[in-house]
Amino acid sequence: MHIERLTLQQFRNYTSQEISFHPRLNVLTGENAQGKTNVLEAVYYLAVGKSHRTNKDADLIQHGQTAAKLQAVVRTGAREQRLVLQLRGSNKTARINGVAQSKMTDFIGRLQVVLFAPEDLSLVKGAPSLRRRFIDIELGQSQPAYLYHLSQYTRTLQQRNALLKQFTHGSGDTDYLSVFDLPLAEHGAQVWLRRQHFLLRLAELVGETYATLSSSRERLTLNYECSLPGMDFFKNSLSLPALSESFQNVLSQKYSFDCRQGHTSIGPHRDDLLFFLDGQDVQGYASQGQQRTIALALRLAEIDLLQEETGEYPVLLLDDVLSELDNLRQQNLVLAMSEKVQTILTTASPIQLPKAMTQQARLFEIRSGIIHEEG
Ligand SMILES: Nc1ncnc2c1ncn2[C@@H]1O[C@H](COP(=O)(O)OP(=O)(O)OP(=O)(O)O)[C@@H](O)[C@H]1O
Ligand SMILES: [Mg+2]
């Protein structure tokens, strides 16, 4: 799918602006604070129904105004959809092809996007919880059943942990603990198996994407550090009942340890996703550019996964990714993506487009919330 036209009204620093995008590559250049990210934010908002950088919709309305309006014409093959979102205070109204939508959930996902933002670097460098969150969001998008098991698991875990906390304070009855073992093990096994299936495919795609970006200079591999003892996640394939039973056994073996700790020491909530470059753990080893390439490869792999699931490529939004990539990586990125997806990228410093791309791209320059089409 691709966006043909985007209209911003009283959105952030845009008073009234229309942009016609190229179906392939779109480059937004401009100095800092001119409104480059605001354009990507608008596209993201139309796709996801919320901003990627604020939870307060009021922030999006232009200072001094009371309402903002976003519109996009989205083409998927022969089908055209007109999406409109209007914000008034904290009120939000959505329309598709002129028809008002009573539920935002019917609106969200009409336009599909994958966004790479500078904050994505923390996927590589940050805490394990950020990587689990990435997995949960990606899997949840395509598998409602995953979200169901994850939420049941999390709820049971919270109850078990609340009880364990009482034990550390010297009260409570261990008999009550066993009540949680079965539901925790059953939902936990579902979470693990679904993660296993997803991550095997993701690892393959990320490895390929990384090779393309780096011209195969380094090899990226993934590993999943599973807290269940003896479980080599990418090698063992356990059945659901076997996995659940094994988890249940470990839970009961760990009673006294968990009681002392005051929380549950084993389960999908304790796992991590690890990255290796030529066999070396990237934490504390990889360069800035390498870390950025890894984070980027993760997002790009997401594009292929979405395409495999829905049959359509999403629109790719790249916010300020180029600055730490060398020229070769920049060119590899632009070439690899623009072949298949519509890409909208922002950059503060001018970029050199590969020759093959000059006919496939549109350049824009942004100055103080006004967009000028170049060339
Ligand atoms: N609600 C709003 N009303 C008016 N202007 C706003 C609003 N919210 C943000 N801005 C302005 O938008 C500008 C920031 O835009 P944006 O984040 O898109 O910049 P950018 O071009 O991506 O810059 P950088 O290169 O630094 O990332 C700031 O000048 C900010 O003051
Ligand atoms: Mg920006």
# chains A, B, ... in the order shown; residues from 1 in each chain; ligands from 1
>>> closest_atom_pairs(of="chain A", to="ligand 1", cutoff="10 Å", atoms="only C-alpha atoms and all ligand atoms", output="tab-separated table")
residue	atom	partner	partner_atom_place_in_ligand_line	distance
A:Gln10	CA	ligand 1	3 (N)	7.7
A:Phe11	CA	ligand 1	1 (N)	6.6
A:Arg12	CA	ligand 1	2 (C)	3.6
A:Asn13	CA	ligand 1	5 (N)	3.6
A:Tyr14	CA	ligand 1	4 (C)	7.2
A:Thr15	CA	ligand 1	4 (C)	8.6
A:Leu28	CA	ligand 1	21 (O)	8.9
A:Thr29	CA	ligand 1	21 (O)	8.1
A:Gly30	CA	ligand 1	21 (O)	6.2
A:Glu31	CA	ligand 1	25 (O)	5.7
A:Asn32	CA	ligand 1	25 (O)	3.4
A:Ala33	CA	ligand 1	19 (O)	3.4
A:Gln34	CA	ligand 1	21 (O)	4.0
A:Gly35	CA	ligand 1	18 (O)	3.1
A:Lys36	CA	ligand 1	21 (O)	3.7
A:Thr37	CA	ligand 1	18 (O)	3.6
A:Asn38	CA	ligand 1	18 (O)	3.7
A:Val39	CA	ligand 1	18 (O)	6.6
A:Leu40	CA	ligand 1	18 (O)	8.0
A:Glu41	CA	ligand 1	18 (O)	8.0
A:Ala42	CA	ligand 1	18 (O)	9.9
A:Arg53	CA	ligand 1	17 (O)	9.8
A:Asp57	CA	ligand 1	1 (N)	9.5
A:Ala58	CA	ligand 1	1 (N)	7.5
A:Asp59	CA	ligand 1	1 (N)	5.0
A:Leu60	CA	ligand 1	1 (N)	4.8
A:Ile61	CA	ligand 1	1 (N)	4.8
A:Gln62	CA	ligand 1	3 (N)	3.5
A:His63	CA	ligand 1	3 (N)	4.0
A:Gly64	CA	ligand 1	3 (N)	7.7
A:Gln65	CA	ligand 1	3 (N)	8.4
A:Ala68	CA	ligand 1	1 (N)	9.5
A:Pro118	CA	ligand 1	27 (O)	9.3
A:Asp319	CA	ligand 1	22 (O)	7.8
A:Asp320	CA	ligand 1	27 (O)	7.1
A:Thr346	CA	ligand 1	22 (O)	7.5
A:Thr347	CA	ligand 1	25 (O)	7.1
A:Ala348	CA	ligand 1	25 (O)	5.5
A:Ser349	CA	ligand 1	25 (O)	9.2
A:Ile366	CA	ligand 1	21 (O)	7.6
A:Arg367	CA	ligand 1	21 (O)	8.5
A:Ser368	CA	ligand 1	29 (O)	7.5
A:Gly369	CA	ligand 1	12 (O)	7.6
>>> write_last_selection(atoms="N, CA and C atoms", output="tab-separated table (two decimals), in the first residue's frame")
chain	number	residue	atom	x	y	z
A	10	GLN	N	-3.61	22.50	11.06
A	10	GLN	CA	-3.41	22.91	12.45
A	10	GLN	C	-2.83	21.78	13.29
A	11	PHE	N	-1.96	21.03	12.65
A	11	PHE	CA	-1.30	19.91	13.30
A	11	PHE	C	0.15	20.32	13.59
A	12	ARG	N	0.55	20.29	14.89
A	12	ARG	CA	1.91	20.71	15.28
A	12	ARG	C	2.24	22.07	14.66
A	13	ASN	N	3.39	22.19	13.95
A	13	ASN	CA	3.73	23.51	13.41
A	13	ASN	C	3.21	23.71	11.97
A	14	TYR	N	2.28	22.85	11.53
A	14	TYR	CA	1.68	23.02	10.20
A	14	TYR	C	0.32	23.69	10.29
A	15	THR	N	0.15	24.80	9.58
A	15	THR	CA	-1.16	25.46	9.59
A	15	THR	C	-2.07	24.78	8.59
A	28	LEU	N	12.51	13.86	3.07
A	28	LEU	CA	12.20	15.15	3.68
A	28	LEU	C	13.48	15.70	4.31
A	29	THR	N	13.98	16.80	3.75
A	29	THR	CA	15.18	17.39	4.35
A	29	THR	C	14.81	18.70	5.02
A	30	GLY	N	15.65	19.13	5.93
A	30	GLY	CA	15.40	20.40	6.61
A	30	GLY	C	16.26	20.47	7.85
A	31	GLU	N	16.46	21.69	8.31
A	31	GLU	CA	17.25	21.87	9.52
A	31	GLU	C	16.47	21.36	10.74
A	32	ASN	N	17.12	21.37	11.87
A	32	ASN	CA	16.46	20.91	13.10
A	32	ASN	C	15.23	21.77	13.39
A	33	ALA	N	14.24	21.13	14.00
A	33	ALA	CA	13.03	21.82	14.48
A	33	ALA	C	12.19	22.49	13.39
A	34	GLN	N	12.27	21.99	12.15
A	34	GLN	CA	11.48	22.59	11.07
A	34	GLN	C	10.15	21.87	10.85
A	35	GLY	N	10.05	20.63	11.36
A	35	GLY	CA	8.79	19.90	11.20
A	35	GLY	C	8.90	18.60	10.43
A	36	LYS	N	10.10	18.03	10.35
A	36	LYS	CA	10.27	16.76	9.63
A	36	LYS	C	9.59	15.61	10.37
A	37	THR	N	9.93	15.47	11.65
A	37	THR	CA	9.35	14.38	12.44
A	37	THR	C	7.83	14.56	12.56
A	38	ASN	N	7.39	15.81	12.59
A	38	ASN	CA	5.94	16.05	12.70
A	38	ASN	C	5.17	15.41	11.54
A	39	VAL	N	5.76	15.39	10.35
A	39	VAL	CA	5.09	14.76	9.21
A	39	VAL	C	4.97	13.25	9.43
A	40	LEU	N	6.05	12.64	9.88
A	40	LEU	CA	6.01	11.19	10.13
A	40	LEU	C	5.03	10.87	11.26
A	41	GLU	N	5.02	11.75	12.25
A	41	GLU	CA	4.10	11.57	13.37
A	41	GLU	C	2.65	11.59	12.88
A	42	ALA	N	2.36	12.49	11.92
A	42	ALA	CA	1.00	12.59	11.37
A	42	ALA	C	0.62	11.29	10.66
A	53	ARG	N	5.20	9.76	20.09
A	53	ARG	CA	6.04	10.47	21.07
A	53	ARG	C	5.28	11.23	22.14
A	57	ASP	N	-3.03	13.92	23.23
A	57	ASP	CA	-3.44	14.35	21.90
A	57	ASP	C	-3.41	15.88	21.76
A	58	ALA	N	-3.64	16.55	22.89
A	58	ALA	CA	-3.67	18.02	22.84
A	58	ALA	C	-2.34	18.60	22.37
A	59	ASP	N	-1.23	17.88	22.62
A	59	ASP	CA	0.09	18.34	22.16
A	59	ASP	C	0.14	18.49	20.64
A	60	LEU	N	-0.72	17.73	19.96
A	60	LEU	CA	-0.65	17.67	18.50
A	60	LEU	C	-1.33	18.85	17.83
A	61	ILE	N	-2.24	19.48	18.58
A	61	ILE	CA	-2.98	20.61	18.02
A	61	ILE	C	-2.07	21.84	18.03
A	62	GLN	N	-2.09	22.56	16.91
A	62	GLN	CA	-1.22	23.73	16.79
A	62	GLN	C	-1.48	24.72	17.94
A	63	HIS	N	-0.39	25.24	18.50
A	63	HIS	CA	-0.53	26.20	19.60
A	63	HIS	C	-1.51	27.30	19.21
A	64	GLY	N	-2.42	27.64	20.12
A	64	GLY	CA	-3.36	28.72	19.87
A	64	GLY	C	-4.61	28.27	19.12
A	65	GLN	N	-4.66	27.00	18.71
A	65	GLN	CA	-5.84	26.48	18.01
A	65	GLN	C	-6.58	25.50	18.92
A	68	ALA	N	-7.37	20.00	15.29
A	68	ALA	CA	-6.43	19.64	14.23
A	68	ALA	C	-7.10	18.61	13.33
A	118	PRO	N	14.65	7.36	16.25
A	118	PRO	CA	15.94	7.31	16.95
A	118	PRO	C	15.87	6.51	18.25
A	319	ASP	N	12.86	7.89	10.54
A	319	ASP	CA	13.15	9.20	11.10
A	319	ASP	C	14.63	9.30	11.45
A	320	ASP	N	15.36	10.08	10.65
A	320	ASP	CA	16.72	10.42	11.02
A	320	ASP	C	17.61	9.19	11.24
A	346	THR	N	13.37	11.10	6.76
A	346	THR	CA	13.78	12.46	7.09
A	346	THR	C	15.28	12.50	7.28
A	347	THR	N	15.86	13.63	6.97
A	347	THR	CA	17.30	13.80	7.19
A	347	THR	C	17.63	15.28	7.33
A	348	ALA	N	18.53	15.57	8.27
A	348	ALA	CA	18.92	16.96	8.47
A	348	ALA	C	20.07	17.32	7.51
A	349	SER	N	20.87	16.30	7.11
A	349	SER	CA	21.95	16.58	6.17
A	349	SER	C	21.60	15.96	4.82
A	366	ILE	N	11.81	21.23	4.03
A	366	ILE	CA	10.88	21.79	5.01
A	366	ILE	C	11.52	22.98	5.72
A	367	ARG	N	10.80	24.09	5.71
A	367	ARG	CA	11.26	25.26	6.45
A	367	ARG	C	10.10	25.81	7.26
A	368	SER	N	10.24	25.82	8.57
A	368	SER	CA	9.23	26.36	9.49
A	368	SER	C	7.81	25.91	9.16
A	369	GLY	N	7.63	24.62	9.03
A	369	GLY	CA	6.27	24.11	8.83
A	369	GLY	C	5.71	24.38	7.45
>>> residues_around(residues="Thr156 of chain A", least_positions_apart="4", cutoff="8 Å", atoms="only C-alpha atoms", output="PyMOL selection string")
chain A and resi 152+160+180+183-184
>>> atom_distance(atom1="atom CA of Val114 of chain A", atom2="atom CA of Leu316 of chain A")
5.0 Å
>>> select_by_dssp(residues="segment 19-90 of chain A", states="strand (DSSP E)", output="CSV table (one decimal) with C-alpha atoms, in the first residue's frame")
chain,number,residue,atom,x,y,z
A,19,ILE,CA,1.9,16.7,0.3
A,20,SER,CA,1.8,14.4,-2.7
A,25,LEU,CA,11.0,7.0,-2.1
A,26,ASN,CA,10.3,10.4,-0.4
A,27,VAL,CA,13.0,12.4,1.3
A,28,LEU,CA,12.2,15.2,3.7
A,29,THR,CA,15.2,17.4,4.3
A,67,ALA,CA,-8.7,21.5,16.6
A,68,ALA,CA,-6.4,19.6,14.2
A,69,LYS,CA,-7.3,17.6,11.2
A,70,LEU,CA,-5.3,14.9,9.3
A,71,GLN,CA,-6.3,13.4,6.0
A,72,ALA,CA,-4.7,10.8,3.8
A,73,VAL,CA,-5.5,9.1,0.5
A,74,VAL,CA,-4.2,5.6,0.7
A,75,ARG,CA,-4.0,3.3,-2.3
A,76,THR,CA,-3.9,-0.5,-2.0
A,79,ARG,CA,-8.6,0.3,-3.9
A,80,GLU,CA,-8.6,3.9,-2.7
A,81,GLN,CA,-9.3,4.8,0.9
A,82,ARG,CA,-9.8,8.3,2.3
A,83,LEU,CA,-8.9,8.5,5.9
A,84,VAL,CA,-9.8,11.5,8.1
A,85,LEU,CA,-9.0,12.1,11.7
A,86,GLN,CA,-10.1,15.1,13.6
A,87,LEU,CA,-9.0,16.2,17.0
A,88,ARG,CA,-10.9,18.6,19.1
>>> residues_around(residues="Gln342 of chain A", least_positions_apart="4", cutoff="10 Å", atoms="only C-alpha atoms", output="ChimeraX atom specification")
/A:1-3,21-26,113,313-317,337-338,361
>>> closest_residue(among="A:Leu322, A:Val282, A:Ala117, A:Leu220", to="ligand 2", atoms="only C-alpha atoms and all ligand atoms")
A:Ala117
>>> atom_distance(atom1="atom CA of Leu274 of chain A", atom2="atom CA of Ser151 of chain A")
23.9 Å
>>> atom_distance(atom1="atom CA of Arg329 of chain A", atom2="atom CA of Thr343 of chain A")
16.1 Å
>>> select_by_dssp(residues="segment 207-269 of chain A", states="helix (DSSP H, G or I)", output="count of residues only")
30
>>> closest_residue(among="A:Asn91, A:Thr105, A:Ser237, A:Gln288", to="Gln196 of chain A", atoms="only C-alpha atoms")
A:Ser237
>>> closest_residue(among="A:Ser102, A:Ser129, A:Gln141, A:Ser252", to="Asp175 of chain A", atoms="only C-alpha atoms")
A:Ser252
>>> closest_residue(among="A:Val48, A:Leu157, A:Leu8, A:Ala295", to="Asp106 of chain A", atoms="only C-alpha atoms")
A:Val48
>>> closest_residue(among="A:Ala162, A:Leu222, A:Glu245, A:Val99", to="Asp281 of chain A", atoms="only C-alpha atoms")
A:Leu222
>>> closest_residue(among="A:Leu318, A:Ile108, A:Val341, A:Met357", to="ligand 2", atoms="only C-alpha atoms and all ligand atoms")
A:Leu318
>>> residues_around(residues="Lys355 of chain A", least_positions_apart="5", cutoff="12 Å", atoms="only C-alpha atoms", output="MDAnalysis selection string")
chainID A and resid 331 334:335 360:361
